[in-house]
file query30.cif (mmCIF, C-alpha atoms)
data_data
loop_
_atom_site.label_atom_id
_atom_site.label_comp_id
_atom_site.auth_asym_id
_atom_site.auth_seq_id
_atom_site.Cartn_x
_atom_site.Cartn_y
_atom_site.Cartn_z
CA MET A 718 -29.13 11.40 -35.54
CA THR A 719 -26.92 8.87 -33.78
CA ILE A 720 -27.75 7.64 -30.27
CA ALA A 721 -25.07 5.83 -28.28
CA VAL A 722 -25.62 3.91 -25.03
CA THR A 723 -22.85 3.17 -22.54
CA GLY A 724 -22.94 -0.03 -20.50
CA ALA A 725 -25.11 -1.52 -23.22
CA THR A 726 -24.64 -5.13 -22.09
CA GLY A 727 -25.70 -4.30 -18.52
CA GLN A 728 -29.19 -5.02 -17.23
CA LEU A 729 -30.55 -1.51 -17.86
CA GLY A 730 -28.52 -1.02 -21.03
CA ARG A 731 -29.88 -4.12 -22.75
CA ILE A 732 -33.47 -3.09 -22.07
CA ALA A 733 -32.80 0.46 -23.29
CA ILE A 734 -31.25 -0.81 -26.53
CA GLU A 735 -34.21 -3.09 -27.24
CA LYS A 736 -36.71 -0.31 -26.57
CA LEU A 737 -34.77 2.15 -28.74
CA LYS A 738 -34.76 -0.35 -31.61
CA SER A 739 -38.55 -0.51 -31.50
CA GLN A 740 -39.18 3.21 -31.01
CA THR A 741 -36.74 5.08 -33.23
CA LYS A 742 -35.27 4.82 -36.71
CA GLU A 743 -32.13 6.70 -35.64
CA GLN A 744 -28.79 4.93 -35.69
CA ILE A 745 -28.13 3.18 -32.38
CA ILE A 746 -24.63 2.38 -31.14
CA ALA A 747 -23.89 0.08 -28.20
CA LEU A 748 -20.82 1.14 -26.23
CA VAL A 749 -19.34 -1.76 -24.28
CA ARG A 750 -16.12 -2.83 -22.62
CA SER A 751 -16.30 -6.33 -24.18
CA PRO A 752 -17.75 -6.21 -27.72
CA GLU A 753 -18.01 -10.00 -27.90
CA LYS A 754 -20.74 -9.86 -25.23
CA ALA A 755 -22.83 -7.51 -27.39
CA ALA A 756 -23.06 -9.59 -30.55
CA ASP A 757 -26.74 -10.37 -29.88
CA LEU A 758 -27.87 -6.74 -29.54
CA GLY A 759 -28.50 -6.26 -33.25
CA VAL A 760 -26.96 -2.77 -33.44
CA GLU A 761 -23.53 -1.31 -34.17
CA VAL A 762 -21.11 -2.12 -31.35
CA ARG A 763 -18.07 -0.07 -30.35
CA ARG A 764 -15.54 -0.80 -27.64
CA ALA A 765 -15.63 1.84 -24.91
CA ASP A 766 -13.78 1.27 -21.66
CA TYR A 767 -14.46 3.95 -19.02
CA GLU A 768 -10.78 3.91 -18.06
CA ASP A 769 -9.34 3.84 -21.60
CA GLU A 770 -9.55 7.38 -22.92
CA ALA A 771 -8.43 6.39 -26.42
CA SER A 772 -11.28 3.88 -26.68
CA LEU A 773 -13.79 6.50 -25.53
CA ASP A 774 -12.46 9.00 -28.06
CA ALA A 775 -12.89 6.51 -30.90
CA ALA A 776 -16.27 5.26 -29.66
CA LEU A 777 -17.88 8.72 -29.48
CA LYS A 778 -16.92 9.91 -32.96
CA GLY A 779 -20.05 10.95 -34.86
CA VAL A 780 -22.34 10.47 -31.85
CA ASP A 781 -25.10 13.09 -31.46
CA THR A 782 -26.85 11.93 -28.28
CA LEU A 783 -25.31 9.87 -25.50
CA LEU A 784 -27.12 7.86 -22.83
CA LEU A 785 -24.52 7.69 -20.07
CA ILE A 786 -25.61 4.80 -17.89
CA SER A 787 -23.71 5.08 -14.64
CA SER A 788 -20.80 2.73 -14.16
CA SER A 789 -21.27 -0.26 -11.85
CA GLU A 790 -17.87 0.24 -10.21
CA VAL A 791 -18.69 2.04 -6.99
CA GLY A 792 -15.73 4.16 -5.91
CA LYS A 793 -14.50 4.63 -9.47
CA ARG A 794 -17.65 6.11 -10.97
CA ALA A 795 -16.88 9.83 -10.78
CA ALA A 796 -13.49 9.45 -12.50
CA GLN A 797 -14.89 7.07 -15.12
CA HIS A 798 -17.81 9.36 -15.91
CA HIS A 799 -15.39 12.29 -16.13
CA ASN A 800 -13.50 10.42 -18.86
CA VAL A 801 -16.71 9.89 -20.84
CA ILE A 802 -17.79 13.52 -20.51
CA GLU A 803 -14.37 14.76 -21.64
CA ALA A 804 -14.43 12.46 -24.67
CA ALA A 805 -17.96 13.67 -25.46
CA LYS A 806 -16.77 17.30 -25.37
CA LYS A 807 -13.82 16.47 -27.62
CA ASN A 808 -16.06 14.78 -30.19
CA GLY A 809 -18.87 17.33 -30.27
CA VAL A 810 -21.59 15.19 -28.70
CA LYS A 811 -24.68 17.39 -28.71
CA ARG A 812 -26.57 15.97 -25.71
CA ILE A 813 -25.96 13.69 -22.73
CA VAL A 814 -28.66 11.89 -20.76
CA TYR A 815 -27.30 10.59 -17.45
CA THR A 816 -28.76 7.98 -15.08
CA SER A 817 -28.18 9.37 -11.60
CA LEU A 818 -29.71 8.59 -8.19
CA LEU A 819 -32.91 9.80 -6.54
CA ARG A 820 -32.19 13.16 -4.87
CA ALA A 821 -28.46 12.68 -5.47
CA ASP A 822 -27.65 16.12 -4.08
CA THR A 823 -29.24 15.46 -0.65
CA SER A 824 -29.53 11.66 -0.37
CA PRO A 825 -27.93 9.95 2.67
CA LEU A 826 -27.15 6.90 0.52
CA SER A 827 -23.42 6.23 0.19
CA LEU A 828 -23.94 5.95 -3.56
CA ALA A 829 -25.03 9.58 -3.85
CA ALA A 830 -21.69 11.41 -3.71
CA GLU A 831 -20.33 10.06 -6.99
CA HIS A 832 -23.60 10.77 -8.77
CA ALA A 833 -23.67 14.32 -7.41
CA GLU A 834 -20.09 14.83 -8.60
CA THR A 835 -20.97 13.58 -12.09
CA GLU A 836 -23.97 15.92 -12.19
CA LYS A 837 -21.63 18.84 -11.43
CA GLN A 838 -19.26 17.73 -14.19
CA LEU A 839 -22.15 17.53 -16.66
CA LYS A 840 -23.38 21.01 -15.81
CA ALA A 841 -19.87 22.40 -16.21
CA SER A 842 -19.25 20.62 -19.53
CA GLY A 843 -21.24 23.00 -21.70
CA ILE A 844 -23.05 20.04 -23.30
CA PRO A 845 -26.86 20.11 -23.11
CA TYR A 846 -27.86 17.47 -20.57
CA THR A 847 -30.77 15.72 -18.90
CA ILE A 848 -30.40 14.05 -15.52
CA LEU A 849 -32.55 11.02 -14.71
CA ARG A 850 -32.36 10.53 -10.96
CA ASN A 851 -33.43 6.90 -10.80
CA GLY A 852 -34.89 5.52 -7.61
CA TRP A 853 -34.46 1.90 -6.54
CA TYR A 854 -35.09 -0.94 -8.95
CA THR A 855 -37.65 -3.42 -7.59
CA GLU A 856 -35.31 -6.11 -8.94
CA ASN A 857 -32.79 -5.07 -6.26
CA TYR A 858 -35.06 -6.99 -3.89
CA THR A 859 -36.63 -9.64 -6.08
CA GLY A 860 -33.21 -10.96 -7.10
CA SER A 861 -32.78 -12.48 -3.63
CA LEU A 862 -36.30 -13.82 -3.11
CA GLU A 863 -35.33 -17.42 -3.82
CA GLY A 864 -33.21 -17.46 -0.66
CA ALA A 865 -35.94 -15.75 1.35
CA VAL A 866 -38.50 -18.34 0.28
CA ALA A 867 -36.12 -21.20 1.10
CA ALA A 868 -35.40 -19.74 4.54
CA GLY A 869 -38.97 -18.67 5.22
CA ALA A 870 -37.70 -15.23 6.13
CA LEU A 871 -36.79 -11.89 4.60
CA ILE A 872 -34.20 -9.91 6.54
CA GLY A 873 -33.18 -6.27 6.36
CA SER A 874 -32.54 -3.11 8.26
CA ALA A 875 -35.07 -0.69 6.77
CA GLY A 876 -37.61 -0.72 9.59
CA GLU A 877 -40.93 0.64 8.36
CA GLY A 878 -39.29 2.78 5.68
CA ARG A 879 -41.27 2.98 2.48
CA ILE A 880 -39.60 2.15 -0.82
CA ALA A 881 -41.04 3.71 -3.99
CA SER A 882 -39.26 1.41 -6.40
CA ALA A 883 -40.09 0.66 -10.03
CA ALA A 884 -39.16 -2.05 -12.49
CA ARG A 885 -35.92 -1.65 -14.42
CA ALA A 886 -38.00 -1.55 -17.63
CA ASP A 887 -39.85 1.52 -16.32
CA TYR A 888 -36.58 3.42 -15.95
CA ALA A 889 -35.48 2.25 -19.41
CA ASP A 890 -38.73 3.62 -20.84
CA ALA A 891 -38.00 6.97 -19.19
CA ALA A 892 -34.54 7.07 -20.74
CA VAL A 893 -35.91 6.25 -24.18
CA ALA A 894 -38.63 8.89 -23.83
CA VAL A 895 -36.02 11.55 -23.07
CA LEU A 896 -33.70 10.33 -25.83
CA THR A 897 -36.38 10.38 -28.52
CA THR A 898 -38.53 13.42 -27.68
CA PRO A 899 -37.69 17.14 -27.39
CA GLY A 900 -38.00 19.46 -24.41
CA HIS A 901 -35.76 17.79 -21.82
CA ASP A 902 -32.55 19.83 -22.02
CA GLY A 903 -31.35 21.15 -18.67
CA LYS A 904 -33.96 19.21 -16.72
CA THR A 905 -33.48 16.92 -13.73
CA TYR A 906 -36.15 14.29 -13.12
CA GLU A 907 -36.68 12.61 -9.74
CA LEU A 908 -37.88 9.16 -10.78
CA ALA A 909 -39.59 6.60 -8.55
CA GLY A 910 -42.51 4.18 -8.54
CA ASP A 911 -46.12 5.34 -8.24
CA ASP A 912 -46.63 3.17 -5.16
CA SER A 913 -44.42 2.20 -2.25
CA PHE A 914 -43.97 -0.71 0.13
CA SER A 915 -42.16 -1.59 3.32
CA LEU A 916 -40.00 -4.71 3.52
CA ALA A 917 -42.65 -6.25 5.76
CA GLU A 918 -45.19 -5.68 2.97
CA LEU A 919 -42.76 -7.19 0.47
CA ALA A 920 -42.46 -10.29 2.65
CA ALA A 921 -46.25 -10.48 2.92
CA GLU A 922 -46.60 -10.29 -0.86
CA VAL A 923 -44.05 -13.07 -1.37
CA SER A 924 -45.89 -15.15 1.23
CA LYS A 925 -49.20 -14.51 -0.54
CA GLN A 926 -47.84 -15.50 -3.95
CA THR A 927 -45.98 -18.61 -2.78
CA GLY A 928 -48.45 -19.82 -0.17
CA LYS A 929 -45.54 -20.14 2.25
CA PRO A 930 -45.16 -18.15 5.48
CA ILE A 931 -42.45 -15.53 4.91
CA ALA A 932 -41.72 -13.22 7.83
CA TYR A 933 -39.74 -9.99 7.74
CA THR A 934 -37.07 -9.72 10.41
CA ASP A 935 -35.75 -6.23 10.97
CA MET A 936 -32.19 -6.13 12.29
CA PRO A 937 -29.85 -3.43 13.60
CA GLN A 938 -27.64 -2.20 10.77
CA ALA A 939 -24.43 -3.74 12.14
CA ASP A 940 -26.09 -7.11 12.74
CA TYR A 941 -27.52 -7.15 9.22
CA ALA A 942 -24.08 -6.38 7.77
CA ARG A 943 -22.54 -9.25 9.77
CA THR A 944 -25.30 -11.61 8.63
CA LEU A 945 -24.66 -10.72 4.98
CA GLU A 946 -20.95 -11.37 5.53
CA GLY A 947 -21.91 -14.76 6.93
CA PHE A 948 -23.65 -15.49 3.63
CA GLY A 949 -20.32 -14.94 1.86
CA LEU A 950 -20.63 -11.32 0.74
CA PRO A 951 -17.49 -9.16 1.00
CA ALA A 952 -17.33 -7.02 4.15
CA GLY A 953 -17.44 -3.73 2.24
CA LEU A 954 -20.47 -4.73 0.19
CA SER A 955 -22.24 -6.12 3.24
CA ALA A 956 -21.74 -2.84 5.09
CA ALA A 957 -22.92 -0.86 2.07
CA ILE A 958 -26.12 -2.88 1.63
CA ALA A 959 -26.94 -2.58 5.32
CA GLY A 960 -26.29 1.16 5.10
CA TRP A 961 -28.63 1.51 2.12
CA ASP A 962 -31.34 -0.31 4.07
CA ALA A 963 -30.85 1.95 7.07
CA ALA A 964 -31.11 4.99 4.81
CA ALA A 965 -34.30 3.56 3.30
CA GLY A 966 -35.66 3.41 6.83
CA LYS A 967 -35.21 7.18 6.97
CA GLY A 968 -37.04 7.81 3.69
CA ALA A 969 -34.12 7.83 1.25
CA LEU A 970 -35.94 5.58 -1.23
CA PHE A 971 -39.37 7.20 -1.02
CA ASP A 972 -40.75 9.75 -3.47
CA ASP A 973 -44.37 10.44 -4.40
CA GLY A 974 -43.90 12.99 -7.18
CA ARG A 975 -44.87 10.47 -9.89
CA ALA A 976 -42.48 12.04 -12.39
CA LEU A 977 -41.62 8.60 -13.74
CA SER A 978 -45.15 7.63 -14.72
CA LYS A 979 -45.69 11.09 -16.21
CA LEU A 980 -42.54 10.72 -18.31
CA ILE A 981 -43.41 7.24 -19.63
CA GLY A 982 -47.11 7.95 -20.09
CA ARG A 983 -48.36 5.01 -18.04
CA PRO A 984 -48.41 3.79 -14.43
CA THR A 985 -45.19 2.24 -13.17
CA THR A 986 -45.05 -1.53 -12.79
CA PRO A 987 -46.67 -2.65 -9.48
CA PHE A 988 -44.13 -4.33 -7.20
CA ALA A 989 -46.39 -7.39 -6.94
CA GLN A 990 -46.02 -7.88 -10.70
CA THR A 991 -42.21 -7.81 -10.48
CA VAL A 992 -42.36 -10.24 -7.56
CA LYS A 993 -44.52 -12.59 -9.64
CA ALA A 994 -42.06 -12.46 -12.54
CA ALA A 995 -39.14 -13.20 -10.21
CA LEU A 996 -40.86 -16.14 -8.52
CA ALA A 997 -41.77 -17.60 -11.92
#
call {"tool": "encode", "arguments": {"input": "query30.cif", "output": "C-alpha cells"}}
result
Amino acid sequence: MTIAVTGATGQLGRIAIEKLKSQTKEQIIALVRSPEKAADLGVEVRRADYEDEASLDAALKGVDTLLLISSSEVGKRAAQHHNVIEAAKKNGVKRIVYTSLLRADTSPLSLAAEHAETEKQLKASGIPYTILRNGWYTENYTGSLEGAVAAGALIGSAGEGRIASAARADYADAAVAVLTTPGHDGKTYELAGDDSFSLAELAAEVSKQTGKPIAYTDMPQADYARTLEGFGLPAGLSAAIAGWDAAAGKGALFDDGRALSKLIGRPTTPFAQTVKAALA
C-alpha cells in the first residue's frame, strides 16, 4: 500500500511523516509544492501544487491512501481541495483522510465554511473517506508567548471561554492511527484535548513557569483586532484572529468528547507541557 501526505513540509505534515516512518512499512510519499524543502524527510517526494492540476495528477499516480492536510491558504482552500479530490478520483485513490475543523458544519469560526465545503465534496466523490475534525493546536497560543512574557501581559478577546486544545503531535498521531488501522471509513471524528483552559489560566500557567507576573487582559473584539494591527499584522488577519477569539468565548473551541485520546490510545498532551516546551 502507498500512503501519500499533502503539505508534507508543513508543521503537521512533517510530524505525520516522521510518525508514519516509525509505525508502518508501507511506502510513504511526501506531496509538496517545493520539493527542495522536503529533501530531509527521508521518503519519496513528489511535486504537488494545489492549483496545478497536472502536478496533482502526476503526484497521485499509484497512491492508495491519501492524507489530505488542509491548505494553509484561507479563502482558497475549498477550490484547492477540490482539485486534489478530482485528481484522486482520476487516479483511483482508494481512501482519503482529511484534516477538517472541530464541528465544521456548525462552528461559528470563519474558517469553518471552507472545511464544510470540502467535507461535502469528499462525501460526493465516491471515494471512501475519514474526516478528522481537528480542534485548536495548543501551539497556536504558545507560539506568541515570548512577546507575552516580554510585555508581562497576554491579550485576547475570548473572555472566559474554555479551549480544549491539544498538541500538534496529538493530532498527527490521530491521523497516523486512522491511516494505518482499519475501521475508519465513513467516520467523522471530533478531535480536541482531554482538558481545557481559559486564556486567563494560560496566562497564570506562563506566570507560574517563568516566575514573572503575566496578566490576561480581555479586550472587545474590535479593540483586539486594532491592537494586533498595531503590532504589524495585516488588517484581514488581525480581524480574523480577533474573530476566532470571540468565537472561542462562545464555546467554539471546547469539546469534552475525548475522541482524540481514544483514537491515539493515550491522554492528550497537557497544555502546561506544551507551554514548557515553548518557553524552553
call {"tool": "closest_residue", "arguments": {"input": "query30.cif", "among": "A:Ala963, A:Leu871, A:Val866, A:Val814", "to": "Ala889 in chain A", "atoms": "only C-alpha atoms"}}
result
A:Val814
call {"tool": "residues_near_point", "arguments": {"input": "query30.cif", "point": "(-30.8, 9.3, -16.8)", "cutoff": "6 Å", "atoms": "all atoms listed in the file", "output": "PyMOL selection string"}}
result
chain A and resi 814-817+848-849+892
call {"tool": "resolve_selection", "arguments": {"input": "query30.cif", "expression": "the PyMOL selection byres ((chain A and resi 991) around 12)", "output": "ChimeraX atom specification"}}
result
/A:854-860,862,882-887,919,922-923,926,985-990,992-997
call {"tool": "resolve_selection", "arguments": {"input": "query30.cif", "expression": "the PyMOL selection byres ((chain A and resi 942) around 6)", "output": "PyMOL selection string"}}
result
chain A and resi 939-941+943-945+955-956+959
call {"tool": "axis_aligned_box", "arguments": {"input": "query30.cif", "around": "range 941-952 of chain A", "padding_each_side": "8 Å", "output": "AutoDock Vina command-line options"}}
result
--center_x -22.4 --center_y -10.9 --center_z 5.3 --size_x 26.2 --size_y 25.1 --size_z 25.0
call {"tool": "atom_distance", "arguments": {"input": "query30.cif", "atom1": "CA of Ile745 in chain A", "atom2": "CA of Ile732 in chain A"}}
result
13.2 Å
call {"tool": "closest_atom_pairs", "arguments": {"input": "query30.cif", "of": "range 942-973 of chain A", "to": "range 827-833 of chain A", "cutoff": "9 Å", "atoms": "all atoms listed in the file", "output": "Markdown table"}}
result
| residue | atom | partner | partner_atom | distance |
| --- | --- | --- | --- | --- |
| A:Ala957 | CA | A:Ser827 | CA | 7.4 |
| A:Gly960 | CA | A:Ser827 | CA | 7.6 |
| A:Trp961 | CA | A:Ser827 | CA | 7.3 |
call {"tool": "closest_residue", "arguments": {"input": "query30.cif", "among": "A:Ala964, A:Ala841, A:Val791, A:Val893", "to": "Gly873 in chain A", "atoms": "all atoms listed in the file"}}
result
A:Ala964
call {"tool": "atom_distance", "arguments": {"input": "query30.cif", "atom1": "CA of Thr897 in chain A", "atom2": "CA of Ile746 in chain A"}}
result
14.5 Å
call {"tool": "resolve_selection", "arguments": {"input": "query30.cif", "expression": "the PyMOL selection byres ((chain A and resi 736-739) around 10)", "output": "JSON, numbers by chain"}}
result
{"A": [720, 730, 731, 732, 733, 734, 735, 740, 741, 742, 743, 744, 745, 758, 759, 760, 886, 889, 890, 892, 893, 894, 896, 897]}
call {"tool": "residues_around", "arguments": {"input": "query30.cif", "residues": "Ala865 in chain A", "least_positions_apart": "2", "cutoff": "10 Å", "atoms": "only C-alpha atoms", "output": "PyMOL selection string"}}
result
chain A and resi 859+861-863+867-872+920+923-924+931-933
call {"tool": "residues_near_point", "arguments": {"input": "query30.cif", "point": "(-24.8, -7.5, -18.0)", "cutoff": "12 Å", "atoms": "only C-alpha atoms", "output": "ChimeraX atom specification"}}
result
/A:723-732,749-751,754-755,758,788-789
call {"tool": "atom_distance", "arguments": {"input": "query30.cif", "atom1": "CA of Gly966 in chain A", "atom2": "CA of Glu877 in chain A"}}
result
6.1 Å
call {"tool": "closest_atom_pairs", "arguments": {"input": "query30.cif", "of": "range 805-867 of chain A", "to": "range 907-915 of chain A", "cutoff": "9 Å", "atoms": "only C-alpha atoms", "output": "tab-separated table"}}
result
residue	atom	partner	partner_atom	distance
A:Leu818	CA	A:Glu907	CA	8.2
A:Leu819	CA	A:Glu907	CA	5.7
A:Arg820	CA	A:Glu907	CA	6.6
A:Ile848	CA	A:Glu907	CA	8.7
A:Leu849	CA	A:Glu907	CA	6.7
A:Arg850	CA	A:Glu907	CA	4.9
A:Asn851	CA	A:Leu908	CA	5.0
A:Gly852	CA	A:Ala909	CA	4.9
A:Trp853	CA	A:Ala909	CA	7.2
A:Tyr854	CA	A:Ala909	CA	8.8
call {"tool": "closest_residue", "arguments": {"input": "query30.cif", "among": "A:Ala771, A:Leu977, A:Leu970, A:Leu954", "to": "Glu790 in chain A", "atoms": "all atoms listed in the file"}}
result
A:Leu954
call {"tool": "residues_around", "arguments": {"input": "query30.cif", "residues": "Val780 in chain A", "least_positions_apart": "6", "cutoff": "8 Å", "atoms": "all atoms listed in the file", "output": "PyMOL selection string"}}
result
chain A and resi 718-721+808-811
